[in-house]
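Take a look at the structure below.
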Amino acid sequence: MKIFLDPGHGGNNPGARGPNGIREADVNLDIALRTGRLLQSEGYSVRFSRVGDESVSLQRRAMLANEWGADYFVSIHCNSNINPIYTGTETFYYREGSVSESFALQVNTSLVAEIDTRDRGISQANFAVLRLTDMPAILVETAFISNPQEAALLAMPSFKQKCAIGISRGIITFTQ
């Protein structure tokens with residue numbers, strides 16, 4: 001089973017920044033690398049869109065997954081809002097009634113159970129990395145980097161490990 005992990009942002013696009021100064025690109029990469037190690041320990045083949053702080057276009061991220069022939073694509077992000085009161089975890093997919101929708105539900109449910117955040121559910125979205133991939137693809141928003149409490153959690157290695165456990169458990173449950 002081939003899983004393509006896409007740590008969102010990176011390079012000249014650091015994504016959102018938390019009130020504590022953490023950068024979304026760094027958090028996403030840390031969680032993705034942790035998720036990859038967990039999946040590899042369970043026998044999955046894993047590739048990444050990036051393994052350092054580098055710029056990778058949205059089209060290239062999808063192309064890399066398509067060329068490798070990934071079975072599933074998971075983009076990892078932190079949510080952000082101008083209003084810092086927003087909290088929780090949500091996952092996006094591209095097509096209603098698709099395998100991606102079911103995959104999003106499983107991963108989101110597993111992640112929320114592991115990190116004990118507000119469940120914002122799953123939603124359809126026309127994101128390039130979801131639209132341009134040939135395999136079931138989801139985009140996970142682990143928590144709100146713009147919320148002071150969730151940003152503090154996202155800065156903690158133990159919380160990032162729990163995010164990785166939740167995401168990988170969802171992937172494993174769905175693909176077995």
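Letters A, B, ... mark the chains of the structure tokens in the order given; residue numbers begin at 1 per chain; ligand numbers begin at 1, in order shown.
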Task: Residue neighbourhood range 111-118 of chain A, 7 Å, only C-alpha atoms, exclusion window fewer than 2 positions, as a list in words - done: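 Counting only C-alpha atoms, the residues come to Thr87, Gly88, Thr89, Val107, Asn108, Thr109, Arg120, Lys162, Cys163, Gly166 and Ile167 of chain A.
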TODO: Would you list the contacts of Leu105 in chain A as a VMD selection string, taking every protein, DNA or RNA residue within 12 Å and counting only C-alpha atoms, but skipping same-chain residues closer than 5 positions in sequence?
DONE: chain A and resid 89 to 93 96 to 100 110 to 112 119 to 124 137 to 140 167 170 to 171 173 to 174
Could you save those same residues with N, CA and C atoms as a PDB file, in the first residue's frame?
ATOM      1  N   THR A  89     -10.814  20.331  14.594  1.00  0.00           N
ATOM      2  CA  THR A  89     -10.205  19.518  13.546  1.00  0.00           C
ATOM      3  C   THR A  89     -11.227  19.280  12.451  1.00  0.00           C
ATOM      4  N   GLU A  90     -10.807  19.395  11.203  1.00  0.00           N
ATOM      5  CA  GLU A  90     -11.692  19.079  10.087  1.00  0.00           C
ATOM      6  C   GLU A  90     -10.875  18.520   8.934  1.00  0.00           C
ATOM      7  N   THR A  91     -11.544  17.794   8.065  1.00  0.00           N
ATOM      8  CA  THR A  91     -10.884  17.151   6.937  1.00  0.00           C
ATOM      9  C   THR A  91     -11.719  17.379   5.680  1.00  0.00           C
ATOM     10  N   PHE A  92     -11.016  17.639   4.577  1.00  0.00           N
ATOM     11  CA  PHE A  92     -11.658  17.953   3.304  1.00  0.00           C
ATOM     12  C   PHE A  92     -11.416  16.860   2.276  1.00  0.00           C
ATOM     13  N   TYR A  93     -12.368  16.726   1.356  1.00  0.00           N
ATOM     14  CA  TYR A  93     -12.288  15.797   0.229  1.00  0.00           C
ATOM     15  C   TYR A  93     -12.850  16.547  -0.975  1.00  0.00           C
ATOM     16  N   GLU A  96     -18.282  14.517  -3.582  1.00  0.00           N
ATOM     17  CA  GLU A  96     -19.335  13.931  -2.743  1.00  0.00           C
ATOM     18  C   GLU A  96     -19.564  12.480  -3.165  1.00  0.00           C
ATOM     19  N   GLY A  97     -19.770  11.599  -2.196  1.00  0.00           N
ATOM     20  CA  GLY A  97     -20.084  10.206  -2.483  1.00  0.00           C
ATOM     21  C   GLY A  97     -18.902   9.386  -2.967  1.00  0.00           C
ATOM     22  N   SER A  98     -17.698   9.927  -2.861  1.00  0.00           N
ATOM     23  CA  SER A  98     -16.500   9.242  -3.351  1.00  0.00           C
ATOM     24  C   SER A  98     -15.819   8.462  -2.234  1.00  0.00           C
ATOM     25  N   VAL A  99     -14.840   7.655  -2.625  1.00  0.00           N
ATOM     26  CA  VAL A  99     -13.991   6.973  -1.648  1.00  0.00           C
ATOM     27  C   VAL A  99     -13.303   8.009  -0.773  1.00  0.00           C
ATOM     28  N   SER A 100     -12.921   9.125  -1.370  1.00  0.00           N
ATOM     29  CA  SER A 100     -12.256  10.195  -0.606  1.00  0.00           C
ATOM     30  C   SER A 100     -13.130  10.699   0.536  1.00  0.00           C
ATOM     31  N   SER A 110     -10.677   9.375  13.583  1.00  0.00           N
ATOM     32  CA  SER A 110      -9.534   8.823  14.305  1.00  0.00           C
ATOM     33  C   SER A 110      -8.676   9.930  14.924  1.00  0.00           C
ATOM     34  N   LEU A 111      -8.455  10.987  14.162  1.00  0.00           N
ATOM     35  CA  LEU A 111      -7.634  12.096  14.657  1.00  0.00           C
ATOM     36  C   LEU A 111      -8.305  12.796  15.833  1.00  0.00           C
ATOM     37  N   VAL A 112      -9.580  13.102  15.712  1.00  0.00           N
ATOM     38  CA  VAL A 112     -10.305  13.764  16.803  1.00  0.00           C
ATOM     39  C   VAL A 112     -10.284  12.899  18.065  1.00  0.00           C
ATOM     40  N   ASP A 119     -14.727  18.372  17.007  1.00  0.00           N
ATOM     41  CA  ASP A 119     -14.895  17.734  15.700  1.00  0.00           C
ATOM     42  C   ASP A 119     -15.680  18.676  14.792  1.00  0.00           C
ATOM     43  N   ARG A 120     -14.983  19.283  13.830  1.00  0.00           N
ATOM     44  CA  ARG A 120     -15.623  20.180  12.868  1.00  0.00           C
ATOM     45  C   ARG A 120     -16.147  19.404  11.657  1.00  0.00           C
ATOM     46  N   GLY A 121     -15.887  18.091  11.629  1.00  0.00           N
ATOM     47  CA  GLY A 121     -16.433  17.230  10.590  1.00  0.00           C
ATOM     48  C   GLY A 121     -15.633  17.242   9.305  1.00  0.00           C
ATOM     49  N   ILE A 122     -16.285  16.765   8.252  1.00  0.00           N
ATOM     50  CA  ILE A 122     -15.663  16.709   6.933  1.00  0.00           C
ATOM     51  C   ILE A 122     -16.471  17.581   5.973  1.00  0.00           C
ATOM     52  N   SER A 123     -15.786  18.094   4.952  1.00  0.00           N
ATOM     53  CA  SER A 123     -16.440  18.979   3.994  1.00  0.00           C
ATOM     54  C   SER A 123     -15.833  18.791   2.613  1.00  0.00           C
ATOM     55  N   GLN A 124     -16.658  19.054   1.608  1.00  0.00           N
ATOM     56  CA  GLN A 124     -16.201  19.048   0.223  1.00  0.00           C
ATOM     57  C   GLN A 124     -15.466  20.362  -0.030  1.00  0.00           C
ATOM     58  N   ALA A 137      -7.999  11.314  -2.158  1.00  0.00           N
ATOM     59  CA  ALA A 137      -7.157  12.347  -1.558  1.00  0.00           C
ATOM     60  C   ALA A 137      -7.954  13.139  -0.531  1.00  0.00           C
ATOM     61  N   ILE A 138      -7.280  13.469   0.570  1.00  0.00           N
ATOM     62  CA  ILE A 138      -7.896  14.274   1.627  1.00  0.00           C
ATOM     63  C   ILE A 138      -6.918  15.344   2.093  1.00  0.00           C
ATOM     64  N   LEU A 139      -7.465  16.387   2.699  1.00  0.00           N
ATOM     65  CA  LEU A 139      -6.659  17.434   3.307  1.00  0.00           C
ATOM     66  C   LEU A 139      -7.116  17.571   4.752  1.00  0.00           C
ATOM     67  N   VAL A 140      -6.196  17.312   5.670  1.00  0.00           N
ATOM     68  CA  VAL A 140      -6.489  17.313   7.110  1.00  0.00           C
ATOM     69  C   VAL A 140      -6.054  18.644   7.715  1.00  0.00           C
ATOM     70  N   ILE A 167      -3.795  10.333  12.663  1.00  0.00           N
ATOM     71  CA  ILE A 167      -3.860  10.283  11.201  1.00  0.00           C
ATOM     72  C   ILE A 167      -3.485   8.885  10.708  1.00  0.00           C
ATOM     73  N   GLY A 170      -6.177   6.302  11.352  1.00  0.00           N
ATOM     74  CA  GLY A 170      -7.276   6.453  10.404  1.00  0.00           C
ATOM     75  C   GLY A 170      -6.952   5.847   9.055  1.00  0.00           C
ATOM     76  N   ILE A 171      -5.719   6.086   8.588  1.00  0.00           N
ATOM     77  CA  ILE A 171      -5.271   5.517   7.304  1.00  0.00           C
ATOM     78  C   ILE A 171      -5.260   4.001   7.380  1.00  0.00           C
ATOM     79  N   THR A 173      -6.814   1.942   9.488  1.00  0.00           N
ATOM     80  CA  THR A 173      -8.172   1.391   9.620  1.00  0.00           C
ATOM     81  C   THR A 173      -8.886   1.390   8.281  1.00  0.00           C
ATOM     82  N   PHE A 174      -8.740   2.464   7.535  1.00  0.00           N
ATOM     83  CA  PHE A 174      -9.458   2.574   6.262  1.00  0.00           C
ATOM     84  C   PHE A 174      -8.906   1.638   5.198  1.00  0.00           C
TER      85      PHE A 174
END
TODO: Could you please determine the separation between CA of Met156 in chain A and CA of Asn79 in chain A in Å, to one decimal place?
DONE: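 Taking CA of Met156 in chain A as the start and CA of Asn79 in chain A as the end point, the length is 16.5 Å.
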- [ ] Can you list, as number ranges by chain, all residues belonging to chain A that DSSP tags as helix (DSSP H, G or I)?
- [x] A: 24-41, 58-68, 99-115, 128-131, 148-154, 157-175
Selected residues written out, C-alpha atoms, as a compact mmCIF listing (two decimals), in the first residue's frame:
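Heads up, here's the output in out_4.txt:
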# COMPACT_ATOMS: atom_id res chain seq x y z
CA GLU A 24 2.38 26.19 9.91
CA ALA A 25 4.89 24.79 7.39
CA ASP A 26 7.12 23.55 10.22
CA VAL A 27 4.26 21.97 12.18
CA ASN A 28 2.88 20.29 9.04
CA LEU A 29 6.28 18.83 8.16
CA ASP A 30 6.86 17.51 11.68
CA ILE A 31 3.45 15.80 11.80
CA ALA A 32 3.86 14.37 8.28
CA LEU A 33 7.30 12.90 9.01
CA ARG A 34 6.00 11.36 12.24
CA THR A 35 2.98 9.95 10.37
CA GLY A 36 5.27 8.51 7.71
CA ARG A 37 7.43 6.72 10.29
CA LEU A 38 4.35 5.20 11.92
CA LEU A 39 2.98 4.00 8.57
CA GLN A 40 6.36 2.59 7.50
CA SER A 41 6.57 0.65 10.75
CA LEU A 58 0.33 22.52 -5.64
CA GLN A 59 0.44 21.04 -9.14
CA ARG A 60 3.80 19.38 -8.46
CA ARG A 61 2.53 17.85 -5.21
CA ALA A 62 -0.32 16.16 -7.10
CA MET A 63 1.97 15.19 -10.00
CA LEU A 64 4.48 13.51 -7.66
CA ALA A 65 1.71 11.40 -6.12
CA ASN A 66 0.22 10.55 -9.52
CA GLU A 67 3.58 9.60 -11.06
CA TRP A 68 4.43 7.37 -8.09
CA VAL A 99 -13.99 6.97 -1.65
CA SER A 100 -12.26 10.20 -0.61
CA GLU A 101 -15.32 11.25 1.38
CA SER A 102 -15.32 7.96 3.33
CA PHE A 103 -11.55 8.18 3.76
CA ALA A 104 -11.86 11.74 5.11
CA LEU A 105 -14.48 10.64 7.63
CA GLN A 106 -12.33 7.76 8.93
CA VAL A 107 -9.16 9.84 9.29
CA ASN A 108 -10.99 12.80 10.84
CA THR A 109 -12.78 10.55 13.34
CA SER A 110 -9.53 8.82 14.31
CA LEU A 111 -7.63 12.10 14.66
CA VAL A 112 -10.30 13.76 16.80
CA ALA A 113 -10.44 10.69 19.07
CA GLU A 114 -6.66 10.81 19.54
CA ILE A 115 -6.14 14.55 20.12
CA ALA A 128 -5.94 21.82 -6.15
CA VAL A 129 -4.20 18.92 -4.39
CA LEU A 130 -7.55 17.13 -4.03
CA ARG A 131 -8.79 17.93 -7.53
CA PRO A 148 -3.71 30.49 21.36
CA GLN A 149 -4.58 27.22 23.15
CA GLU A 150 -4.36 25.07 20.02
CA ALA A 151 -1.18 26.85 18.87
CA ALA A 152 0.39 25.99 22.23
CA LEU A 153 -0.56 22.34 21.66
CA LEU A 154 0.78 22.39 18.08
CA PRO A 157 6.21 17.39 20.27
CA SER A 158 3.86 15.12 22.25
CA PHE A 159 0.79 16.69 20.62
CA LYS A 160 2.33 16.45 17.14
CA GLN A 161 3.01 12.78 17.83
CA LYS A 162 -0.64 12.31 18.85
CA CYS A 163 -1.70 13.98 15.59
CA ALA A 164 0.51 11.52 13.70
CA ILE A 165 -0.95 8.58 15.63
CA GLY A 166 -4.51 9.73 14.91
CA ILE A 167 -3.86 10.28 11.20
CA SER A 168 -1.96 7.02 10.75
CA ARG A 169 -4.59 5.02 12.66
CA GLY A 170 -7.28 6.45 10.40
CA ILE A 171 -5.27 5.52 7.30
CA ILE A 172 -4.57 2.01 8.59
CA THR A 173 -8.17 1.39 9.62
CA PHE A 174 -9.46 2.57 6.26
CA THR A 175 -6.98 0.67 4.11
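Using only C-alpha atoms, the smallest distance between any of A:Gln176, A:Thr142, A:Ser45, A:Asn12 and Gly69 in chain A comes from A:Ser45.
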Task: Pairwise distance for CA of Ser55 in chain A and CA of Glu141 in chain A, rounded to one decimal in Å - done: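 The value is 19.7 Å.
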Open item on the list: Between CA of Ile145 in chain A and CA of Asn126 in chain A, what distance in Å does the model show, to one decimal?
Closed with: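 Separation of CA of Ile145 in chain A and CA of Asn126 in chain A: 22.0 Å.
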- [ ] Could you pull out the residues in chain A that DSSP calls strand (DSSP E) from the backbone, as an MDAnalysis selection string?
- [x] chainID A and resid 2:7 45:48 72:79 89:93 119:124 137:144
Task: Counting only C-alpha atoms, the residue of A:Arg23, A:Asn147, A:Ser57, A:Phe4 that sits nearest Asp134 in chain A - done: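 That would be A:Phe4, the residue with the smallest distance to Asp134 in chain A.
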Task: Nearby residues (only C-alpha atoms) at most 6 Å from Leu5 in chain A, same-chain spacing under 6 positions excluded, as a ChimeraX atom specification - done: /A:48,74-75
